[in-house]
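Working notes for the structure below.
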Amino acid sequence: MRGLSRRRFLARGGSAAAGLAGITAGTAAASTGSALTTSDLATTAAEQRAMLFDSTLCVGCRSCEIACNKKNDLGRTTDEIHEGRPAQDARALAPNVYTYVTLHQWEGAPSTAAFGKVQCMHCIEPACVSSCPVSALHKTVEGPVVWDGSRCLGCRYCMMACPFVVPRFEWHSRNPRIRKCNMCADLLAEGKPPACVAACPTHALRAGTRAELLDEAHRRIADRPRRYVHQVYGEFEAGGTNFLHIAGQPFDELGYRRNLPLRSYRAYTRPAMAAIPFVLGGLSLALGAVRWVVDREANVTAAEKRDQDPAGQEETP
Amino acid sequence: MIRALVQRRLATPGMAALAVFALVGLGLIAWRFAAGLGAVTNLSDGYPWGFWIGMDILAGIALASGGFVMAGLVHLFGGHRFHPLARPAILTALLGYLLFILALAVDLGRPWNIWQALIHWNHVSPMFEVSWCVTFYTVVLMLEFAPTVFERLRWPTIRRLWAEATPFLIVAMLALFTLAMTASALWAAGIAVVLLGWEALMRSGVMRRDRQMPVLLIMAGILFSTMHQSSLGTLFLITDKLGPLFYSPILPLLFFLSALMVAPAMVIVEATLSARVRRQTVERRLLTDLGRAMPYLITVYLLARIGDILARGLVLEALQGTFVTAWWWLETALLLTALALFATPELGPRGRALLPASVAIVLALVVNRTGVAIVGLDVPEYARYVPAWPEVFITVGILCLGLIAFRLAVEFLPVYELRHTASNDVVPITSPTHRGLRTARTAETSGSIPLEVPHGA
C-alpha cells in the first residue's frame, strides 16, 4: 500500500509541472490576487506560533490527550482515553479526538517502544484552507488553522484535500461540524501554551515560534546525532507545517505519512485557478469573433445567391 | 383530470413507476436530514466523498453539457438547422442543474449555509469556483429557457423586455464572476469591456443581432459551462487520495473535453428515446449529422486521455489486475467501441448503431466520473468505500424526479414543437391533438412578433 502511494506521488510530482505547463503556459507567474510567494509564507511562518514533538522524550502517558479532552470539552473519560483505542492506529482521530499518541513496538525489544503524535499539522499553506470555498477553515496570523462554523457548508472538500487525513466530520449529526485541533488558539492569544504542551510532564511537547523550534530541533539532532533520525518532519513536508516532529525511528515506522511533496498542496490547483481569467477573456474574444465570421459567411453566401438568382429570395442556412 | 392525463399519455405505468421511485428517494432524503449523513451513507473520514459526488455531481453535470454545446452550435456557430434539438437540450440542462442543486443540498452537511459562498470569497478554492459556476449557469439556463415559457404564456412584451435586458445582466454577471475568481478589478473590467464591445457592435448593426436569443446569453452559457466542467476536474487536483489512472494533472482539460464529447451523444440518446415515448418520428437527418462529429470529439478526448497516461509512464499501472485497472479498461473499451461505430457511417451515423454507440459514450463518461470520485480513490488507512443502498436509491429517486419533470415540461411547454422548414423560418408543428391551441399560437408568433430577423438584415 505504501509503495503504491509513493509511486503515485512520483508519478504526480514528476509530470504535474510538465502537464500543466502545456495548458496554462506562463499563467502561474501571472497568478493574481494573493501575492504571497512560498518564501514570503515561510518568513511569516517563522514568527508564528508552532509546536515541537520529540518522540524520544515521549513516554506515552497520554497526559496531552487528557488535557486536550478537558480543554476542548470533548466528553471522553480518562479510562476511554487510556484503554478504548487501537494502539497502532495512526488514524484514530475522531470528532471527539483531536490528538492521539500512537504506540510502536518492535519484536524482541520490549523496552524500545516509541511514540508518534497525530493531530492537525497547522501547515504553512494548508490544503484545507486553500480548498475551503468560504474560508470557514482559515489560518490565523498567529499560526493555528481554525474552523468557523457559521460559514461551513459541510462540503468536506477539506477532508479530500488534507494530506494528513486530519479533519473529521460528525457523520451522525443533523448539524455536523468539522472537528480538528485548533492549537488552542484562544490560549495562544492570551500568551499561554496549548493545553497539551502545558500538560506534558517530560517536555516531549514544546511551544514557541516556528523559527525557535526549528533551531531547537536541529540543535537536538546535531547534539545527539545517533539518537535521532536526521529529519525534522514538518520542516518541508507539504510546504512546511507549524507542528514539527523529531524522532529516533524513521517516521513511516511511527505511522507518519511519508513521501509527501515538499511544496504546499495549493501548488496543485494554483495553475488551473490562475488560468481562469485567461480562459474567460480568450473565450469572450474568440466566441464573438466566431459569431462575426459565421454571420459574414452567411451574408456572403446569401448575397451570391441573390446575384445568381435575383428572383429567388429564399436563403439557405 | 385523470382522464385528461391518460389521454396525454402521462398517466402510464412507466410514469407511475417513476413516481414510486421518486417518492422512495424523497423519503430517504427526509431520513438523511433527520438522522445525519452517516445513517444513510457508507462515507467515512477517509472517504468523505462517494456515490453522490460521482453520479449526481460529476456525471450529472457532464451529461447536462448538451445545453451549452447545442445552444452554441445553433446560435453562435451557425448551425441553425439544429434548432429543433437546442430547446430540449437546454431543458435537459436546466432540469439537470436544478436536480443537481437538490442533490448537492442532500450531500452537503450544512446546506443552509450554501449562500455563504456568495459572500465569503476564497478565490483560490476550486470549490468556490464550482459553487459560483453552478449558481450563475443555472441563472443563464433559466434565461435561455425563458422564451419557451413566454411563448406558452403568450407574453410577447415580457419576451421583448427579456431580449433587451438580458445582455446587460450577463455583462454584470460575468464581470462579478471574474472579480470573484481573480480578486482583480482590472480583469473584471476587461471582461466587461470585451462583452459590451460585442453588444455595441451588434446594436450598431456592424454585426448581426439575434433578437430571438441574445448572443451574449449564449456566450455566457459557454463561458460558465467551460469553467464549471473543467473546475469539477480541478477539484481533484489537490487530493492525494486518487490513484494514478484516474488522477491527472490535466484533469480540468480532460473533464472539459469529455463533457464536449458526451454532448452530442446525450442529445442523440434523448431525442431518440423521447421520440419513442411520445410516439413521434425522430429528426434522423440532424442526429446523423451530430453523429458525424462524434469520431473527432472521441479522438481528441482519447488522445488527451491516453497521451496523459503515456506521458506519466503509467503503462504498467494500466496492466495490473486490480479493480481500478479494470474500471479504466472499461472506460477505454467503451470509448473505442463507440469510436469504431461512429467512424463507420453505415453503422453509426446513418445505421442502426447510432443509439447504441451514443449510449456507449454516455456510459464511458459515467465510468470515468465514477472512476474519479469513487473507484479510483484509495486511502490505505480506511476500509474501501462501497455505496450504501440508500445512497443509490436517493440518486435514482432524484433522477426519476427529473424524468417526470422533463416529461411534463415537453407536454405542456413548446419544447419539441419548433421545426425548421426549407426557408429557415421557425414554424410550430401543427399536431392533430392540439390543433386549436396551435393555430392560435401560429397566428400570434407569425403575426405580432417579428421573431426571426432575416439573414443579411
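Going by the C-alpha cells order, chains are called A, B, ..., each with residues numbered from 1, while ligands are numbered from 1 in the order shown.
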
Select from range 168-293 of chain A everything DSSP, run on the backbone, classes as strand (DSSP E or B), then give the selection as number ranges by chain. A: 168-169, 178-179, 205-209, 233, 241, 243-246

For those residues, write C-alpha atoms to a file as a short mmCIF file (atom, residue, chain, number, x, y, z; two decimals), in the first residue's frame.
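The resulting file, again-v7.cif, is shown below:
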```
data_model
loop_
_atom_site.label_atom_id
_atom_site.label_comp_id
_atom_site.auth_asym_id
_atom_site.auth_seq_id
_atom_site.Cartn_x
_atom_site.Cartn_y
_atom_site.Cartn_z
CA ARG A 168 -13.14 14.90 11.00
CA PHE A 169 -16.86 15.16 10.25
CA ILE A 178 -15.67 19.82 11.02
CA ARG A 179 -13.56 18.87 14.03
CA LEU A 205 6.00 18.76 23.55
CA ARG A 206 7.21 22.32 23.33
CA ALA A 207 5.60 25.55 22.15
CA GLY A 208 7.27 28.59 20.62
CA THR A 209 7.76 30.36 17.36
CA TYR A 233 9.17 16.11 9.97
CA THR A 241 3.99 22.91 8.88
CA PHE A 243 3.82 21.39 14.04
CA LEU A 244 7.33 19.88 13.91
CA HIS A 245 8.37 16.36 14.84
CA ILE A 246 11.72 14.73 15.58
#
```

Please list as a ChimeraX atom specification every residue within 12 Å of Gly79 in chain B, counting only C-alpha atoms and excluding residues in the same chain fewer than 3 positions away. /A:291,294-295,298,316-317 /B:69-76,82-86,286,289-290,420,424

Residues from last step as file, C-alpha atoms, as a PDB file, in the first residue's frame:
```pdb
ATOM      1  CA  ARG A 291     -20.084  34.692 -34.446  1.00  0.00           C
ATOM      2  CA  VAL A 294     -20.120  32.877 -39.293  1.00  0.00           C
ATOM      3  CA  ASP A 295     -22.541  35.732 -39.980  1.00  0.00           C
ATOM      4  CA  ALA A 298     -23.847  33.565 -44.235  1.00  0.00           C
ATOM      5  CA  THR A 316     -30.227  28.736 -47.012  1.00  0.00           C
ATOM      6  CA  PRO A 317     -28.807  28.472 -43.545  1.00  0.00           C
TER       7      PRO A 317
ATOM      8  CA  VAL B  69     -22.993  22.801 -26.786  1.00  0.00           C
ATOM      9  CA  MET B  70     -26.309  22.832 -28.686  1.00  0.00           C
ATOM     10  CA  ALA B  71     -27.077  26.443 -27.773  1.00  0.00           C
ATOM     11  CA  GLY B  72     -23.619  27.438 -29.005  1.00  0.00           C
ATOM     12  CA  LEU B  73     -23.904  25.345 -32.156  1.00  0.00           C
ATOM     13  CA  VAL B  74     -27.251  26.847 -33.111  1.00  0.00           C
ATOM     14  CA  HIS B  75     -26.832  30.449 -32.045  1.00  0.00           C
ATOM     15  CA  LEU B  76     -23.102  31.088 -32.420  1.00  0.00           C
ATOM     16  CA  PHE B  82     -30.133  22.065 -35.337  1.00  0.00           C
ATOM     17  CA  HIS B  83     -32.602  24.453 -33.715  1.00  0.00           C
ATOM     18  CA  PRO B  84     -35.182  21.725 -33.021  1.00  0.00           C
ATOM     19  CA  LEU B  85     -32.607  19.939 -30.871  1.00  0.00           C
ATOM     20  CA  ALA B  86     -31.492  23.011 -28.940  1.00  0.00           C
ATOM     21  CA  LEU B 286     -29.997  16.047 -37.752  1.00  0.00           C
ATOM     22  CA  ASP B 289     -25.089  14.983 -38.707  1.00  0.00           C
ATOM     23  CA  LEU B 290     -24.424  15.104 -34.972  1.00  0.00           C
ATOM     24  CA  HIS B 420     -37.334  24.210 -39.494  1.00  0.00           C
ATOM     25  CA  ASN B 424     -35.386  28.617 -42.325  1.00  0.00           C
TER      26      ASN B 424
END
```

Sorted by chain and rising residue number, which residues of chain B lie within 7 Å of chain A, and what are their closest atom pairs and distances in Å to one decimal, counting only C-alpha atoms, as a Markdown table?
```
| residue | atom | partner | partner_atom | distance |
| --- | --- | --- | --- | --- |
| B:Phe33 | CA | A:Arg174 | CA | 6.3 |
| B:Ala34 | CA | A:Arg174 | CA | 6.5 |
| B:Ala35 | CA | A:Arg174 | CA | 6.3 |
| B:Gly36 | CA | A:His172 | CA | 4.6 |
| B:Leu37 | CA | A:Trp171 | CA | 5.4 |
| B:Gly38 | CA | A:Trp171 | CA | 4.4 |
| B:Ala39 | CA | A:His172 | CA | 6.4 |
| B:Asp45 | CA | A:Arg168 | CA | 5.9 |
| B:Gly46 | CA | A:Val165 | CA | 6.9 |
| B:Pro48 | CA | A:Arg156 | CA | 6.4 |
| B:Leu76 | CA | A:Arg291 | CA | 5.1 |
| B:Phe77 | CA | A:Arg291 | CA | 6.3 |
| B:Gly78 | CA | A:Val294 | CA | 6.0 |
| B:His80 | CA | A:Pro317 | CA | 6.3 |
| B:Leu108 | CA | A:Cys155 | CA | 5.0 |
| B:Gly109 | CA | A:Gly154 | CA | 4.0 |
| B:Arg110 | CA | A:Leu153 | CA | 4.7 |
| B:Pro111 | CA | A:Leu153 | CA | 5.7 |
| B:Asn113 | CA | A:Leu153 | CA | 5.2 |
| B:Ile114 | CA | A:Leu153 | CA | 5.8 |
| B:Gln116 | CA | A:Arg151 | CA | 6.0 |
| B:Ala117 | CA | A:Val134 | CA | 5.3 |
| B:His120 | CA | A:Val134 | CA | 5.1 |
| B:Trp121 | CA | A:Val134 | CA | 6.0 |
| B:Asn122 | CA | A:Pro133 | CA | 5.6 |
| B:Val124 | CA | A:Ser130 | CA | 5.9 |
| B:Ser125 | CA | A:Ser131 | CA | 4.5 |
| B:Pro126 | CA | A:Ser131 | CA | 6.5 |
| B:Met127 | CA | A:Pro133 | CA | 5.2 |
| B:Phe128 | CA | A:Pro133 | CA | 4.2 |
| B:Thr178 | CA | A:Pro277 | CA | 6.6 |
| B:Thr182 | CA | A:Thr32 | CA | 5.9 |
| B:Ala183 | CA | A:Gly33 | CA | 5.4 |
| B:Ser184 | CA | A:Gly33 | CA | 6.6 |
| B:Trp187 | CA | A:Pro277 | CA | 6.8 |
| B:Ile191 | CA | A:Gly281 | CA | 5.9 |
| B:Val194 | CA | A:Leu285 | CA | 6.9 |
| B:Leu195 | CA | A:Ser284 | CA | 6.8 |
| B:Trp198 | CA | A:Gly288 | CA | 6.5 |
| B:Met207 | CA | A:Trp292 | CA | 6.3 |
| B:Arg208 | CA | A:Asp295 | CA | 6.9 |
| B:Met219 | CA | A:Leu287 | CA | 6.8 |
| B:Leu223 | CA | A:Leu280 | CA | 6.4 |
| B:Thr234 | CA | A:Thr269 | CA | 6.4 |
| B:Leu237 | CA | A:Tyr268 | CA | 5.7 |
| B:Ile238 | CA | A:Tyr268 | CA | 5.5 |
| B:Thr239 | CA | A:Ala161 | CA | 4.6 |
| B:Asp240 | CA | A:Pro163 | CA | 6.6 |
| B:Gly243 | CA | A:Arg8 | CA | 6.6 |
| B:Pro244 | CA | A:Arg8 | CA | 5.7 |
| B:Pro249 | CA | A:Ala16 | CA | 5.2 |
| B:Ile250 | CA | A:Leu20 | CA | 6.1 |
| B:Arg312 | CA | A:Ala11 | CA | 6.0 |
| B:Pro380 | CA | A:Met1 | CA | 6.2 |
| B:Glu381 | CA | A:Arg91 | CA | 6.9 |
| B:Ser423 | CA | A:Glu314 | CA | 6.0 |
| B:Asn424 | CA | A:Pro317 | CA | 6.7 |
| B:His455 | CA | A:Asn299 | CA | 6.7 |
| B:Gly456 | CA | A:Asn299 | CA | 5.2 |
```

Fewer than 4 positions away in the same chain doesn't count, so skip those; otherwise give me all residues within 10 Å of Cys61 in chain A, counting only C-alpha atoms, as a list in words. Glu65, Ile66, His82, Val101, Cys200, Pro201 and Thr202 of chain A

Please provide the set of residues having any atom within 8 Å of range 261-273 of chain B, restricted to only C-alpha atoms, with same-chain residues fewer than 5 positions apart removed, written as an MDAnalysis selection string. chainID B and resid 62:67 69:70 85 89 282 287 290:291 294 297:298 301 354:355 358:359 361:362 365

Write a file of the just-selected residues containing N, CA and C atoms, as a PDB file, in the first residue's frame.
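Once written, again_34.pdb looks like this:
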```
ATOM      1  N   ALA B  62     -21.736  16.662 -16.337  1.00  0.00           N
ATOM      2  CA  ALA B  62     -21.169  16.402 -17.653  1.00  0.00           C
ATOM      3  C   ALA B  62     -22.276  16.030 -18.643  1.00  0.00           C
ATOM      4  N   LEU B  63     -23.265  15.263 -18.187  1.00  0.00           N
ATOM      5  CA  LEU B  63     -24.334  14.844 -19.095  1.00  0.00           C
ATOM      6  C   LEU B  63     -25.269  16.005 -19.434  1.00  0.00           C
ATOM      7  N   ALA B  64     -25.198  17.086 -18.670  1.00  0.00           N
ATOM      8  CA  ALA B  64     -26.012  18.264 -18.991  1.00  0.00           C
ATOM      9  C   ALA B  64     -25.300  19.184 -19.976  1.00  0.00           C
ATOM     10  N   SER B  65     -24.134  18.751 -20.477  1.00  0.00           N
ATOM     11  CA  SER B  65     -23.352  19.635 -21.349  1.00  0.00           C
ATOM     12  C   SER B  65     -24.035  19.886 -22.684  1.00  0.00           C
ATOM     13  N   GLY B  66     -25.016  19.042 -23.040  1.00  0.00           N
ATOM     14  CA  GLY B  66     -25.747  19.273 -24.285  1.00  0.00           C
ATOM     15  C   GLY B  66     -26.323  20.677 -24.351  1.00  0.00           C
ATOM     16  N   GLY B  67     -26.681  21.233 -23.206  1.00  0.00           N
ATOM     17  CA  GLY B  67     -27.285  22.563 -23.158  1.00  0.00           C
ATOM     18  C   GLY B  67     -26.395  23.620 -23.766  1.00  0.00           C
ATOM     19  N   VAL B  69     -23.526  23.170 -25.473  1.00  0.00           N
ATOM     20  CA  VAL B  69     -22.993  22.801 -26.786  1.00  0.00           C
ATOM     21  C   VAL B  69     -24.031  23.071 -27.880  1.00  0.00           C
ATOM     22  N   MET B  70     -25.280  22.639 -27.656  1.00  0.00           N
ATOM     23  CA  MET B  70     -26.309  22.832 -28.686  1.00  0.00           C
ATOM     24  C   MET B  70     -26.661  24.307 -28.825  1.00  0.00           C
ATOM     25  N   LEU B  85     -33.246  20.727 -31.926  1.00  0.00           N
ATOM     26  CA  LEU B  85     -32.607  19.939 -30.871  1.00  0.00           C
ATOM     27  C   LEU B  85     -32.128  20.810 -29.717  1.00  0.00           C
ATOM     28  N   ALA B  89     -32.376  20.240 -25.414  1.00  0.00           N
ATOM     29  CA  ALA B  89     -31.064  20.138 -24.756  1.00  0.00           C
ATOM     30  C   ALA B  89     -30.956  21.164 -23.633  1.00  0.00           C
ATOM     31  N   VAL B 282     -38.341  10.759 -35.258  1.00  0.00           N
ATOM     32  CA  VAL B 282     -37.164  11.464 -34.810  1.00  0.00           C
ATOM     33  C   VAL B 282     -36.531  12.161 -36.018  1.00  0.00           C
ATOM     34  N   LEU B 287     -29.728  14.083 -36.378  1.00  0.00           N
ATOM     35  CA  LEU B 287     -28.976  13.204 -35.481  1.00  0.00           C
ATOM     36  C   LEU B 287     -27.797  12.583 -36.223  1.00  0.00           C
ATOM     37  N   LEU B 290     -25.096  15.049 -36.282  1.00  0.00           N
ATOM     38  CA  LEU B 290     -24.424  15.104 -34.972  1.00  0.00           C
ATOM     39  C   LEU B 290     -23.479  13.918 -34.828  1.00  0.00           C
ATOM     40  N   GLY B 291     -23.951  12.746 -35.270  1.00  0.00           N
ATOM     41  CA  GLY B 291     -23.136  11.536 -35.169  1.00  0.00           C
ATOM     42  C   GLY B 291     -21.851  11.652 -35.966  1.00  0.00           C
ATOM     43  N   MET B 294     -18.996  12.963 -33.973  1.00  0.00           N
ATOM     44  CA  MET B 294     -18.532  12.173 -32.823  1.00  0.00           C
ATOM     45  C   MET B 294     -17.122  11.606 -32.964  1.00  0.00           C
ATOM     46  N   LEU B 297     -14.625  14.196 -31.867  1.00  0.00           N
ATOM     47  CA  LEU B 297     -14.677  14.514 -30.443  1.00  0.00           C
ATOM     48  C   LEU B 297     -14.094  13.378 -29.605  1.00  0.00           C
ATOM     49  N   ILE B 298     -14.437  12.141 -29.977  1.00  0.00           N
ATOM     50  CA  ILE B 298     -13.920  10.990 -29.215  1.00  0.00           C
ATOM     51  C   ILE B 298     -12.407  10.907 -29.374  1.00  0.00           C
ATOM     52  N   TYR B 301     -10.527  13.459 -27.245  1.00  0.00           N
ATOM     53  CA  TYR B 301     -10.513  13.088 -25.830  1.00  0.00           C
ATOM     54  C   TYR B 301      -9.600  11.888 -25.591  1.00  0.00           C
ATOM     55  N   LEU B 354     -26.545   3.948 -34.192  1.00  0.00           N
ATOM     56  CA  LEU B 354     -26.412   5.324 -33.695  1.00  0.00           C
ATOM     57  C   LEU B 354     -26.746   5.391 -32.205  1.00  0.00           C
ATOM     58  N   LEU B 355     -27.872   4.796 -31.824  1.00  0.00           N
ATOM     59  CA  LEU B 355     -28.265   4.835 -30.418  1.00  0.00           C
ATOM     60  C   LEU B 355     -27.305   4.031 -29.526  1.00  0.00           C
ATOM     61  N   SER B 358     -24.074   5.919 -29.070  1.00  0.00           N
ATOM     62  CA  SER B 358     -24.233   7.087 -28.197  1.00  0.00           C
ATOM     63  C   SER B 358     -24.349   6.658 -26.741  1.00  0.00           C
ATOM     64  N   VAL B 359     -25.090   5.566 -26.520  1.00  0.00           N
ATOM     65  CA  VAL B 359     -25.219   5.059 -25.150  1.00  0.00           C
ATOM     66  C   VAL B 359     -23.845   4.657 -24.614  1.00  0.00           C
ATOM     67  N   ILE B 361     -21.010   5.984 -25.307  1.00  0.00           N
ATOM     68  CA  ILE B 361     -20.282   7.199 -24.920  1.00  0.00           C
ATOM     69  C   ILE B 361     -20.785   7.709 -23.571  1.00  0.00           C
ATOM     70  N   VAL B 362     -22.105   7.707 -23.401  1.00  0.00           N
ATOM     71  CA  VAL B 362     -22.667   8.156 -22.125  1.00  0.00           C
ATOM     72  C   VAL B 362     -22.145   7.273 -20.985  1.00  0.00           C
ATOM     73  N   LEU B 365     -18.549   7.961 -20.102  1.00  0.00           N
ATOM     74  CA  LEU B 365     -18.405   9.156 -19.278  1.00  0.00           C
ATOM     75  C   LEU B 365     -18.752   8.857 -17.821  1.00  0.00           C
TER      76      LEU B 365
END
```

What's around Ala46 in chain A at 7 Å? Count only C-alpha atoms, leave out sequence neighbours fewer than 2 positions away in its own chain, and write the answer as a PDB file with N, CA and C atoms, in the first residue's frame.
```
ATOM      1  N   ALA A  42       7.041  31.371   4.284  1.00  0.00           N
ATOM      2  CA  ALA A  42       7.977  30.766   5.223  1.00  0.00           C
ATOM      3  C   ALA A  42       8.506  31.823   6.192  1.00  0.00           C
ATOM      4  N   THR A  43       8.753  33.033   5.680  1.00  0.00           N
ATOM      5  CA  THR A  43       9.221  34.128   6.536  1.00  0.00           C
ATOM      6  C   THR A  43       8.159  34.460   7.577  1.00  0.00           C
ATOM      7  N   THR A  44       6.906  34.571   7.129  1.00  0.00           N
ATOM      8  CA  THR A  44       5.826  34.853   8.068  1.00  0.00           C
ATOM      9  C   THR A  44       5.718  33.739   9.094  1.00  0.00           C
ATOM     10  N   GLN A  48       5.501  32.717  13.511  1.00  0.00           N
ATOM     11  CA  GLN A  48       4.209  32.230  14.001  1.00  0.00           C
ATOM     12  C   GLN A  48       4.388  31.226  15.134  1.00  0.00           C
ATOM     13  N   THR A 209       7.912  29.969  18.746  1.00  0.00           N
ATOM     14  CA  THR A 209       7.761  30.359  17.356  1.00  0.00           C
ATOM     15  C   THR A 209       8.375  29.264  16.494  1.00  0.00           C
ATOM     16  N   ARG A 210       7.959  29.251  15.218  1.00  0.00           N
ATOM     17  CA  ARG A 210       8.430  28.176  14.348  1.00  0.00           C
ATOM     18  C   ARG A 210       9.951  28.242  14.191  1.00  0.00           C
ATOM     19  N   ALA A 211      10.494  29.451  14.093  1.00  0.00           N
ATOM     20  CA  ALA A 211      11.945  29.596  13.915  1.00  0.00           C
ATOM     21  C   ALA A 211      12.693  29.042  15.135  1.00  0.00           C
TER      22      ALA A 211
END
```

Going by DSSP on the backbone, which bits of range 70-245 of chain A are helix (DSSP H, G or I)? Write them as a ChimeraX atom specification, please. /A:70-71,78-83,127-131,157-161,185-189,195-199,210-223,237-239
